[in-house]
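**Q** What follows is my_file_3.pdb, PDB, C-alpha atoms and all ligand atoms.
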ATOM      1  CA  MET T   1       0.000   0.000   0.000
ATOM      2  CA  GLN T   2       2.745   2.394   0.998
ATOM      3  CA  ILE T   3       4.776   1.491  -2.085
ATOM      4  CA  GLY T   4       1.782   1.975  -4.383
ATOM      5  CA  GLN T   5       1.090   5.358  -2.842
ATOM      6  CA  SER T   6       4.638   6.578  -3.214
ATOM      7  CA  ILE T   7       4.763   5.445  -6.863
ATOM      8  CA  SER T   8       1.507   7.257  -7.713
ATOM      9  CA  LYS T   9       2.871  10.411  -6.081
ATOM     10  CA  ARG T  10       5.938  10.639  -8.327
ATOM     11  CA  VAL T  11       5.794  12.798 -11.433
ATOM     12  CA  VAL T  12       8.325  13.611 -14.137
ATOM     13  CA  VAL T  13       7.780  16.900 -15.965
ATOM     14  CA  ILE T  14       9.554  17.207 -19.323
ATOM     15  CA  GLY T  15      10.373  20.842 -20.038
ATOM     16  CA  ALA T  16      11.341  23.582 -17.611
ATOM     17  CA  GLY T  17       9.603  26.412 -19.431
ATOM     18  CA  ILE T  18       7.074  28.513 -17.580
ATOM     19  CA  GLY T  19       4.412  25.855 -18.254
ATOM     20  CA  GLY T  20       6.467  22.927 -16.948
ATOM     21  CA  LEU T  21       7.776  24.877 -13.962
ATOM     22  CA  THR T  22       4.281  26.017 -13.017
ATOM     23  CA  ALA T  23       2.867  22.488 -13.284
ATOM     24  CA  ALA T  24       5.818  21.107 -11.318
ATOM     25  CA  ALA T  25       5.537  23.705  -8.557
ATOM     26  CA  LEU T  26       1.783  23.188  -8.164
ATOM     27  CA  LEU T  27       2.196  19.397  -8.100
ATOM     28  CA  ALA T  28       4.990  19.668  -5.530
ATOM     29  CA  ARG T  29       2.756  21.919  -3.461
ATOM     30  CA  ARG T  30       0.134  19.150  -3.495
ATOM     31  CA  GLY T  31       2.641  16.667  -2.133
ATOM     32  CA  TYR T  32       3.949  15.044  -5.310
ATOM     33  CA  SER T  33       7.596  14.202  -5.665
ATOM     34  CA  VAL T  34       8.479  16.017  -8.900
ATOM     35  CA  LEU T  35      11.462  15.686 -11.199
ATOM     36  CA  VAL T  36      11.767  18.377 -13.900
ATOM     37  CA  LEU T  37      13.938  17.593 -16.925
ATOM     38  CA  ASP T  38      14.989  19.952 -19.694
ATOM     39  CA  GLN T  39      17.226  19.565 -22.707
ATOM     40  CA  ALA T  40      18.674  23.047 -22.104
ATOM     41  CA  ILE T  41      21.267  23.805 -19.447
ATOM     42  CA  VAL T  42      19.131  26.553 -17.873
ATOM     43  CA  PRO T  43      15.438  26.542 -16.966
ATOM     44  CA  GLY T  44      12.886  29.014 -18.294
ATOM     45  CA  GLY T  45      12.550  28.065 -21.964
ATOM     46  CA  CYS T  46      11.204  31.018 -23.956
ATOM     47  CA  ALA T  47      10.893  33.024 -20.730
ATOM     48  CA  SER T  48      14.564  32.589 -19.842
ATOM     49  CA  THR T  49      17.466  34.992 -20.287
ATOM     50  CA  PHE T  50      20.994  34.654 -21.615
ATOM     51  CA  GLN T  51      24.106  36.759 -21.252
ATOM     52  CA  ARG T  52      26.582  37.936 -23.864
ATOM     53  CA  LYS T  53      29.484  40.323 -23.301
ATOM     54  CA  GLY T  54      28.068  41.576 -20.014
ATOM     55  CA  PHE T  55      24.571  42.197 -21.362
ATOM     56  CA  THR T  56      21.503  40.199 -20.368
ATOM     57  CA  PHE T  57      18.984  39.403 -23.096
ATOM     58  CA  ASP T  58      15.497  37.936 -22.899
ATOM     59  CA  VAL T  59      15.146  34.710 -24.874
ATOM     60  CA  GLY T  60      11.584  35.711 -25.696
ATOM     61  CA  ALA T  61       9.116  36.962 -23.122
ATOM     62  CA  THR T  62       9.791  40.483 -21.886
ATOM     63  CA  GLN T  63       6.414  41.615 -20.587
ATOM     64  CA  VAL T  64       4.538  39.667 -17.935
ATOM     65  CA  ALA T  65       0.786  39.825 -17.444
ATOM     66  CA  GLY T  66      -1.201  38.409 -14.544
ATOM     67  CA  LEU T  67       0.760  39.802 -11.589
ATOM     68  CA  GLU T  68      -2.148  41.972 -10.433
ATOM     69  CA  PRO T  69      -4.427  40.666  -7.630
ATOM     70  CA  GLY T  70      -6.626  37.972  -9.188
ATOM     71  CA  GLY T  71      -4.259  37.618 -12.165
ATOM     72  CA  ILE T  72      -3.038  34.149 -13.068
ATOM     73  CA  HIS T  73       0.512  34.547 -11.760
ATOM     74  CA  HIS T  74      -0.746  36.256  -8.604
ATOM     75  CA  ARG T  75      -3.061  33.305  -7.991
ATOM     76  CA  ILE T  76      -0.294  30.754  -8.587
ATOM     77  CA  PHE T  77       2.204  32.513  -6.316
ATOM     78  CA  SER T  78      -0.518  32.829  -3.635
ATOM     79  CA  GLU T  79      -1.262  29.129  -3.859
ATOM     80  CA  LEU T  80       2.448  28.340  -3.593
ATOM     81  CA  GLU T  81       2.697  30.784  -0.668
ATOM     82  CA  ILE T  82       5.755  32.481  -2.097
ATOM     83  CA  ASP T  83       6.325  36.173  -2.760
ATOM     84  CA  LEU T  84       5.688  37.609  -6.195
ATOM     85  CA  PRO T  85       8.893  38.344  -8.135
ATOM     86  CA  ALA T  86      10.147  41.916  -8.075
ATOM     87  CA  ALA T  87       8.616  43.640 -11.094
ATOM     88  CA  THR T  88       8.221  47.111 -12.570
ATOM     89  CA  PRO T  89       4.933  48.181 -14.204
ATOM     90  CA  CYS T  90       5.326  48.867 -17.952
ATOM     91  CA  ASP T  91       4.085  52.395 -18.587
ATOM     92  CA  PRO T  92       3.772  52.842 -21.460
ATOM     93  CA  ALA T  93       3.401  49.156 -22.315
ATOM     94  CA  CYS T  94       4.641  50.008 -25.810
ATOM     95  CA  ALA T  95       5.919  53.073 -27.628
ATOM     96  CA  VAL T  96       5.128  52.442 -31.279
ATOM     97  CA  TYR T  97       7.007  54.406 -33.965
ATOM     98  CA  LEU T  98       5.085  54.236 -37.214
ATOM     99  CA  PRO T  99       7.228  54.185 -40.383
ATOM    100  CA  GLY T 100       8.532  57.675 -41.157
ATOM    101  CA  GLU T 101       7.296  59.180 -37.864
ATOM    102  CA  THR T 102       9.519  60.491 -35.104
ATOM    103  CA  GLN T 103       6.995  60.678 -32.247
ATOM    104  CA  PRO T 104       5.799  57.393 -30.758
ATOM    105  CA  ILE T 105       2.236  56.316 -30.094
ATOM    106  CA  SER T 106       2.326  55.448 -26.404
ATOM    107  CA  VAL T 107       0.103  52.684 -25.105
ATOM    108  CA  TRP T 108      -0.355  54.080 -21.605
ATOM    109  CA  ARG T 109      -1.160  51.954 -18.580
ATOM    110  CA  ASP T 110      -3.852  54.343 -17.367
ATOM    111  CA  PRO T 111      -7.069  53.568 -19.349
ATOM    112  CA  GLN T 112      -8.147  57.234 -19.622
ATOM    113  CA  ARG T 113      -4.721  58.355 -20.742
ATOM    114  CA  TRP T 114      -4.613  55.608 -23.383
ATOM    115  CA  GLN T 115      -8.121  56.547 -24.531
ATOM    116  CA  ALA T 116      -7.063  60.185 -24.952
ATOM    117  CA  GLU T 117      -3.925  59.114 -26.841
ATOM    118  CA  ARG T 118      -5.745  56.855 -29.296
ATOM    119  CA  GLN T 119      -8.541  59.405 -29.857
ATOM    120  CA  GLN T 120      -5.914  61.958 -30.780
ATOM    121  CA  GLN T 121      -3.940  59.502 -32.935
ATOM    122  CA  PHE T 122      -6.872  57.769 -34.643
ATOM    123  CA  PRO T 123      -9.901  60.115 -34.800
ATOM    124  CA  GLY T 124     -13.228  58.337 -35.298
ATOM    125  CA  SER T 125     -11.965  54.918 -34.162
ATOM    126  CA  GLU T 126     -13.435  54.963 -30.640
ATOM    127  CA  PRO T 127     -16.433  52.665 -31.381
ATOM    128  CA  PHE T 128     -13.937  50.011 -32.513
ATOM    129  CA  TRP T 129     -11.923  50.373 -29.291
ATOM    130  CA  GLN T 130     -15.105  50.258 -27.218
ATOM    131  CA  LEU T 131     -16.071  46.994 -28.909
ATOM    132  CA  LEU T 132     -12.640  45.592 -28.020
ATOM    133  CA  ALA T 133     -13.116  46.757 -24.418
ATOM    134  CA  ASP T 134     -16.525  45.057 -24.186
ATOM    135  CA  LEU T 135     -15.248  41.803 -25.681
ATOM    136  CA  PHE T 136     -12.246  41.898 -23.388
ATOM    137  CA  ARG T 137     -14.444  42.379 -20.303
ATOM    138  CA  HIS T 138     -16.640  39.395 -21.176
ATOM    139  CA  SER T 139     -13.845  37.083 -22.256
ATOM    140  CA  TRP T 140     -11.512  38.046 -19.375
ATOM    141  CA  ALA T 141     -14.256  37.166 -16.886
ATOM    142  CA  PHE T 142     -14.740  33.874 -18.742
ATOM    143  CA  GLN T 143     -10.991  33.134 -18.758
ATOM    144  CA  SER T 144     -10.784  33.947 -15.033
ATOM    145  CA  ARG T 145     -13.192  31.090 -14.312
ATOM    146  CA  ASP T 146     -10.547  28.641 -15.637
ATOM    147  CA  PRO T 147     -12.253  26.980 -18.616
ATOM    148  CA  VAL T 148     -10.290  24.251 -20.409
ATOM    149  CA  LEU T 149      -9.997  24.979 -24.120
ATOM    150  CA  PRO T 150     -10.247  23.012 -26.275
ATOM    151  CA  PRO T 151     -12.021  20.368 -24.160
ATOM    152  CA  ARG T 152     -10.525  16.905 -24.624
ATOM    153  CA  SER T 153     -12.415  14.998 -21.942
ATOM    154  CA  LEU T 154     -15.718  15.097 -20.097
ATOM    155  CA  TRP T 155     -13.970  16.779 -17.158
ATOM    156  CA  ASP T 156     -12.643  19.496 -19.502
ATOM    157  CA  LEU T 157     -16.135  19.955 -20.940
ATOM    158  CA  GLY T 158     -17.548  20.308 -17.420
ATOM    159  CA  ARG T 159     -14.999  23.055 -16.622
ATOM    160  CA  LEU T 160     -15.840  24.815 -19.854
ATOM    161  CA  VAL T 161     -19.594  24.750 -19.271
ATOM    162  CA  GLN T 162     -19.174  25.942 -15.663
ATOM    163  CA  ALA T 163     -17.190  28.966 -16.869
ATOM    164  CA  VAL T 164     -19.896  30.157 -19.263
ATOM    165  CA  ARG T 165     -22.206  32.991 -18.180
ATOM    166  CA  PRO T 166     -24.827  34.878 -20.195
ATOM    167  CA  ASP T 167     -22.329  37.632 -21.075
ATOM    168  CA  THR T 168     -19.903  35.018 -22.451
ATOM    169  CA  LEU T 169     -22.444  34.387 -25.196
ATOM    170  CA  LEU T 170     -22.002  37.989 -26.377
ATOM    171  CA  THR T 171     -18.533  37.023 -27.593
ATOM    172  CA  VAL T 172     -19.753  33.993 -29.573
ATOM    173  CA  PRO T 173     -20.839  35.887 -32.752
ATOM    174  CA  HIS T 174     -17.247  37.165 -33.021
ATOM    175  CA  THR T 175     -15.592  33.748 -32.735
ATOM    176  CA  PHE T 176     -14.443  33.667 -36.344
ATOM    177  CA  THR T 177     -14.092  37.413 -36.954
ATOM    178  CA  THR T 178     -10.662  38.908 -37.596
ATOM    179  CA  VAL T 179      -9.509  42.387 -36.605
ATOM    180  CA  GLY T 180      -9.226  43.362 -40.273
ATOM    181  CA  GLN T 181     -12.852  42.378 -40.934
ATOM    182  CA  MET T 182     -14.045  44.430 -37.975
ATOM    183  CA  LEU T 183     -12.036  47.481 -39.075
ATOM    184  CA  ARG T 184     -13.758  47.312 -42.456
ATOM    185  CA  ALA T 185     -17.166  46.769 -40.807
ATOM    186  CA  TYR T 186     -16.603  50.032 -38.892
ATOM    187  CA  GLY T 187     -15.444  51.778 -42.072
ATOM    188  CA  LEU T 188     -12.004  52.353 -40.555
ATOM    189  CA  LEU T 189      -9.685  52.516 -43.534
ATOM    190  CA  ASP T 190      -7.105  54.800 -41.869
ATOM    191  CA  ARG T 191      -3.666  53.504 -42.937
ATOM    192  CA  ARG T 192      -2.015  54.699 -39.695
ATOM    193  CA  LEU T 193      -4.482  52.759 -37.536
ATOM    194  CA  LYS T 194      -4.061  49.612 -39.630
ATOM    195  CA  THR T 195      -0.252  49.884 -39.465
ATOM    196  CA  PHE T 196      -0.347  50.483 -35.708
ATOM    197  CA  LEU T 197      -2.568  47.415 -35.202
ATOM    198  CA  ASP T 198      -0.434  45.304 -37.550
ATOM    199  CA  MET T 199       2.692  46.200 -35.562
ATOM    200  CA  GLN T 200       1.078  45.521 -32.183
ATOM    201  CA  LEU T 201      -0.560  42.284 -33.270
ATOM    202  CA  LYS T 202       2.585  40.914 -34.908
ATOM    203  CA  LEU T 203       4.143  41.331 -31.471
ATOM    204  CA  TYR T 204       1.354  39.492 -29.655
ATOM    205  CA  SER T 205       0.001  37.012 -32.210
ATOM    206  CA  GLN T 206       2.827  36.925 -34.810
ATOM    207  CA  VAL T 207       0.373  37.802 -37.573
ATOM    208  CA  ASP T 208      -1.201  41.047 -38.754
ATOM    209  CA  ALA T 209      -4.697  42.488 -38.224
ATOM    210  CA  ASP T 210      -6.138  40.597 -41.199
ATOM    211  CA  GLN T 211      -5.145  37.280 -39.662
ATOM    212  CA  THR T 212      -5.607  37.920 -35.950
ATOM    213  CA  ALA T 213      -8.823  36.723 -34.327
ATOM    214  CA  LEU T 214     -10.796  39.637 -32.899
ATOM    215  CA  LEU T 215     -11.349  37.900 -29.537
ATOM    216  CA  TYR T 216      -7.633  37.248 -29.132
ATOM    217  CA  ALA T 217      -6.835  40.838 -30.096
ATOM    218  CA  ALA T 218      -9.380  42.153 -27.584
ATOM    219  CA  THR T 219      -7.362  40.527 -24.808
ATOM    220  CA  ALA T 220      -3.911  41.223 -26.236
ATOM    221  CA  LEU T 221      -4.647  44.918 -26.832
ATOM    222  CA  SER T 222      -6.532  45.555 -23.580
ATOM    223  CA  VAL T 223      -4.460  43.713 -21.013
ATOM    224  CA  SER T 224      -1.841  46.511 -20.980
ATOM    225  CA  GLN T 225      -4.177  48.816 -19.015
ATOM    226  CA  GLU T 226      -5.123  48.817 -15.364
ATOM    227  CA  PRO T 227      -6.618  47.046 -13.495
ATOM    228  CA  GLN T 228      -4.558  44.449 -15.383
ATOM    229  CA  GLY T 229      -1.307  45.753 -16.842
ATOM    230  CA  LEU T 230       2.067  44.448 -17.955
ATOM    231  CA  TYR T 231       5.262  44.206 -15.928
ATOM    232  CA  HIS T 232       8.973  43.724 -16.409
ATOM    233  CA  CYS T 233      10.338  41.171 -13.974
ATOM    234  CA  ARG T 234      13.718  41.944 -12.449
ATOM    235  CA  VAL T 235      16.309  39.639 -13.955
ATOM    236  CA  VAL T 236      18.206  37.454 -11.543
ATOM    237  CA  CYS T 237      21.722  37.313 -12.975
ATOM    238  CA  ARG T 238      23.458  33.970 -13.013
ATOM    239  CA  SER T 239      27.180  33.922 -12.446
TER     240      SER T 239
HETATM  241  C1  LIG T 301      10.338  36.185 -29.116
HETATM  242  C2  LIG T 301       9.243  35.889 -28.097
HETATM  243  C3  LIG T 301       8.731  36.927 -27.356
HETATM  244  C4  LIG T 301       7.731  36.674 -26.406
HETATM  245  N1  LIG T 301       7.258  37.705 -25.641
HETATM  246  C5  LIG T 301       6.358  37.444 -24.661
HETATM  247  C6  LIG T 301       5.977  38.448 -23.730
HETATM  248  O1  LIG T 301       6.457  39.591 -23.788
HETATM  249  N2  LIG T 301       5.074  38.145 -22.764
HETATM  250  C7  LIG T 301       4.552  36.864 -22.651
HETATM  251  O2  LIG T 301       3.735  36.623 -21.745
HETATM  252  N3  LIG T 301       4.914  35.880 -23.504
HETATM  253  C8  LIG T 301       5.820  36.137 -24.478
HETATM  254  N4  LIG T 301       6.226  35.148 -25.307
HETATM  255  C9  LIG T 301       5.624  33.830 -25.140
HETATM  256  C10 LIG T 301       6.193  33.104 -23.917
HETATM  257  O3  LIG T 301       7.583  33.284 -23.840
HETATM  258  C11 LIG T 301       5.866  31.632 -24.073
HETATM  259  O4  LIG T 301       4.466  31.471 -24.309
HETATM  260  C12 LIG T 301       6.204  30.824 -22.830
HETATM  261  O5  LIG T 301       7.464  31.158 -22.299
HETATM  262  C13 LIG T 301       6.092  29.364 -23.233
HETATM  263  O6  LIG T 301       6.335  28.574 -22.107
HETATM  264  P1  LIG T 301       6.207  27.026 -22.225
HETATM  265  O7  LIG T 301       6.622  26.434 -20.915
HETATM  266  O8  LIG T 301       4.861  26.659 -22.713
HETATM  267  O9  LIG T 301       7.186  26.589 -23.391
HETATM  268  P2  LIG T 301       8.770  26.827 -23.566
HETATM  269  O10 LIG T 301       9.218  28.099 -22.958
HETATM  270  O11 LIG T 301       9.059  26.592 -25.010
HETATM  271  O12 LIG T 301       9.400  25.667 -22.704
HETATM  272  C14 LIG T 301       9.510  24.355 -23.174
HETATM  273  C15 LIG T 301      10.745  23.773 -22.523
HETATM  274  O13 LIG T 301      10.769  22.402 -22.828
HETATM  275  C16 LIG T 301      12.071  22.020 -23.188
HETATM  276  N5  LIG T 301      11.920  20.848 -24.026
HETATM  277  C17 LIG T 301      11.222  20.741 -25.170
HETATM  278  N6  LIG T 301      11.294  19.488 -25.643
HETATM  279  C18 LIG T 301      12.049  18.788 -24.761
HETATM  280  C19 LIG T 301      12.454  17.443 -24.708
HETATM  281  N7  LIG T 301      12.107  16.543 -25.632
HETATM  282  N8  LIG T 301      13.232  17.066 -23.657
HETATM  283  C20 LIG T 301      13.586  17.970 -22.704
HETATM  284  N9  LIG T 301      13.215  19.266 -22.708
HETATM  285  C21 LIG T 301      12.446  19.665 -23.726
HETATM  286  C22 LIG T 301      12.658  23.236 -23.873
HETATM  287  O14 LIG T 301      14.072  23.249 -23.818
HETATM  288  C23 LIG T 301      12.044  24.379 -23.052
HETATM  289  O15 LIG T 301      12.868  24.780 -21.968
HETATM  290  C24 LIG T 301       7.233  35.363 -26.234
HETATM  291  C25 LIG T 301       7.780  34.312 -26.993
HETATM  292  C26 LIG T 301       8.777  34.560 -27.898
HETATM  293  C27 LIG T 301       9.378  33.402 -28.655
END
Since I need it in another form, could you write the structure as structure tokens?

**A**
Amino acid sequence: MQIGQSISKRVVVIGAGIGGLTAAALLARRGYSVLVLDQAIVPGGCASTFQRKGFTFDVGATQVAGLEPGGIHHRIFSELEIDLPAATPCDPACAVYLPGETQPISVWRDPQRWQAERQQQFPGSEPFWQLLADLFRHSWAFQSRDPVLPPRSLWDLGRLVQAVRPDTLLTVPHTFTTVGQMLRAYGLLDRRLKTFLDMQLKLYSQVDADQTALLYAATALSVSQEPQGLYHCRVVCRS
């Protein structure tokens, strides 16, 4: 009995990226004996850093979301009962220089300040931004209830159904809409706005506005403002 129990409590996690490390830490917290293996010599995967000639570079991830109270990393660190990493709020989250322009478009952390900036930069586009804000509100609430997507088992399906609320259904008609389609639906043909969105979305979804799903963009473009917001984590230098 004891042997059987100890065997069932042992887990090997392949991959020490943020996903593997999070799974491993949560399993360890629940009493599992966890071994994490990675092909690389340092943990972190795409969220790791490397050093060259005295400089520290991010492998990939530079901006962290979910450190605010209720955010995913905040919840995980709370469950693990360890302090959040030292982090600096990103404000602006991005300073976007459009081709040929010398002044950046600043994506401010404060929602009102960002609204004023975009109204000045892209006159007439506010209904589009308000739609994004509405979709973000509904889908963020849905995501915060921990649905499993796509569902691959009955348990997953149960989690998904439990996360749905009436306002979630307001996002459904937009499931297959792209940002480019919605810009055209609003009659927004402004080249500067399209270029700005292309540049931002290539950063967050690796494709431009014509290929980015509207629901994904609603989250990616809205999470930079409070009460959410992006952070830079302080790098812990390895010797
Ligand atoms: C350029 C770039 C910029 C990004 N910017 C941001 C950002 O600003 N903010 C943000 O939130 N996200 C950003 N991301 C995304 C984010 O970095 C990733 O989504 C996240 O780090 C992925 O974590 P993961 O654990 O799922 O996978 P990975 O980080 O890929 O980790 C997988 C790990 O598994 C290991 N592994 C794979 N196969 C094996 C094997 N067979 N045996 C042993 N080990 C194996 C790998 O070595 C790796 O360490 C960025 C990504 C990139 C590439």

**Q** Taking 4 positions as the minimum chain separation for residues in the same chain, which residues sit within 8 Å of segment 195-200 of chain T when counting all atoms listed in the file? Answer as JSON, numbers by chain.

**A** {"T": [96, 98, 191, 204, 207, 208, 209, 221]}

**Q** For a quick check of understanding, using only C-alpha atoms and all ligand atoms, which of T:Gln206, T:Ser222, T:Gln121, T:Ser144 has the smallest distance to ligand LIG 301 (chain T)?

**A**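 Counting only C-alpha atoms and all ligand atoms, the residue closest to ligand LIG 301 (chain T) is T:Gln206.
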
**Q** List all protein, DNA and RNA residues that have at least one atom no more than 8 Å from any atom of ligand LIG 301 (chain T), counting only C-alpha atoms and all ligand atoms, and write them as a list in words.

**A**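 Counting only what the definition allows, namely only C-alpha atoms and all ligand atoms, the set is Ile14, Gly15, Ala16, Gly17, Ile18, Gly19, Gly20, Leu21, Leu37, Asp38, Gln39, Ala40, Val42, Pro43, Gly44, Gly45, Cys46, Ala47, Ser48, Val59, Gly60, Ala61, Thr62, Gln63, Val64, Ala65, Leu203 and Tyr204 of chain T.
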
**Q** One number please: atom CA of Phe55 of chain T to atom CA of Arg234 of chain T, in Å, one decimal.

**A** 14.0 Å

**Q** Can you list what the PyMOL selection byres (((chain T and resi 100-107) around 9) and not hetatm) grabs from this structure, as number ranges by chain?

**A** T: 91-99, 108-110, 113-114, 117-118, 121, 196, 224-225

**Q** Exactly which residues make up the result of the PyMOL selection byres (((chain T and resi 159) around 12) and not hetatm) on this file, given as a compact mmCIF listing (two decimals) with C-alpha atoms, keeping the file's coordinate frame?

**A**
# COMPACT_ATOMS: atom_id res chain seq x y z
CA PHE T 142 -14.74 33.87 -18.74
CA GLN T 143 -10.99 33.13 -18.76
CA SER T 144 -10.78 33.95 -15.03
CA ARG T 145 -13.19 31.09 -14.31
CA ASP T 146 -10.55 28.64 -15.64
CA PRO T 147 -12.25 26.98 -18.62
CA VAL T 148 -10.29 24.25 -20.41
CA LEU T 149 -10.00 24.98 -24.12
CA PRO T 150 -10.25 23.01 -26.28
CA PRO T 151 -12.02 20.37 -24.16
CA ARG T 152 -10.52 16.90 -24.62
CA SER T 153 -12.42 15.00 -21.94
CA LEU T 154 -15.72 15.10 -20.10
CA TRP T 155 -13.97 16.78 -17.16
CA ASP T 156 -12.64 19.50 -19.50
CA LEU T 157 -16.14 19.95 -20.94
CA GLY T 158 -17.55 20.31 -17.42
CA LEU T 160 -15.84 24.82 -19.85
CA VAL T 161 -19.59 24.75 -19.27
CA GLN T 162 -19.17 25.94 -15.66
CA ALA T 163 -17.19 28.97 -16.87
CA VAL T 164 -19.90 30.16 -19.26

**Q** Determine the residue set returned by the PyMOL selection byres (((chain T and resi 178-181) around 10) and not hetatm) for the present structure, and present it as a PyMOL selection string.

**A** chain T and resi 128+132+174-177+182-189+194+197-198+201+208-218

**Q** Could you tell me how far atom CA of Pro85 of chain T lies from atom CA of His138 of chain T, in Å and to one decimal?

**A**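 According to the coordinates, atom CA of Pro85 of chain T and atom CA of His138 of chain T are separated by 28.7 Å.
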
**Q** For Asp167 of chain T, list every protein, DNA or RNA residue within 10 Å, evaluated using all atoms listed in the file, and leave out those in the same chain fewer than 2 positions away; present the list as a PyMOL selection string.

**A** chain T and resi 134-135+137-139+141-142+164-165+169-172

**Q** Of the residues T:Ala133, T:Ala28, T:Val12, T:Leu67, which is the one nearest to Leu80 of chain T, using all atoms listed in the file?

**A**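 Distance minimum relative to Leu80 of chain T lands on T:Ala28.
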
**Q** Hey, which of T:Gln228, T:Gln51, T:Ser205, T:Thr219 ends up closest to Trp129 of chain T? Count all atoms listed in the file.

**A** T:Thr219

**Q** Just to confirm, what's the straight-line distance from atom CA of Leu193 of chain T to atom CA of Gly124 of chain T in Å (one decimal)?

**A** 10.6 Å
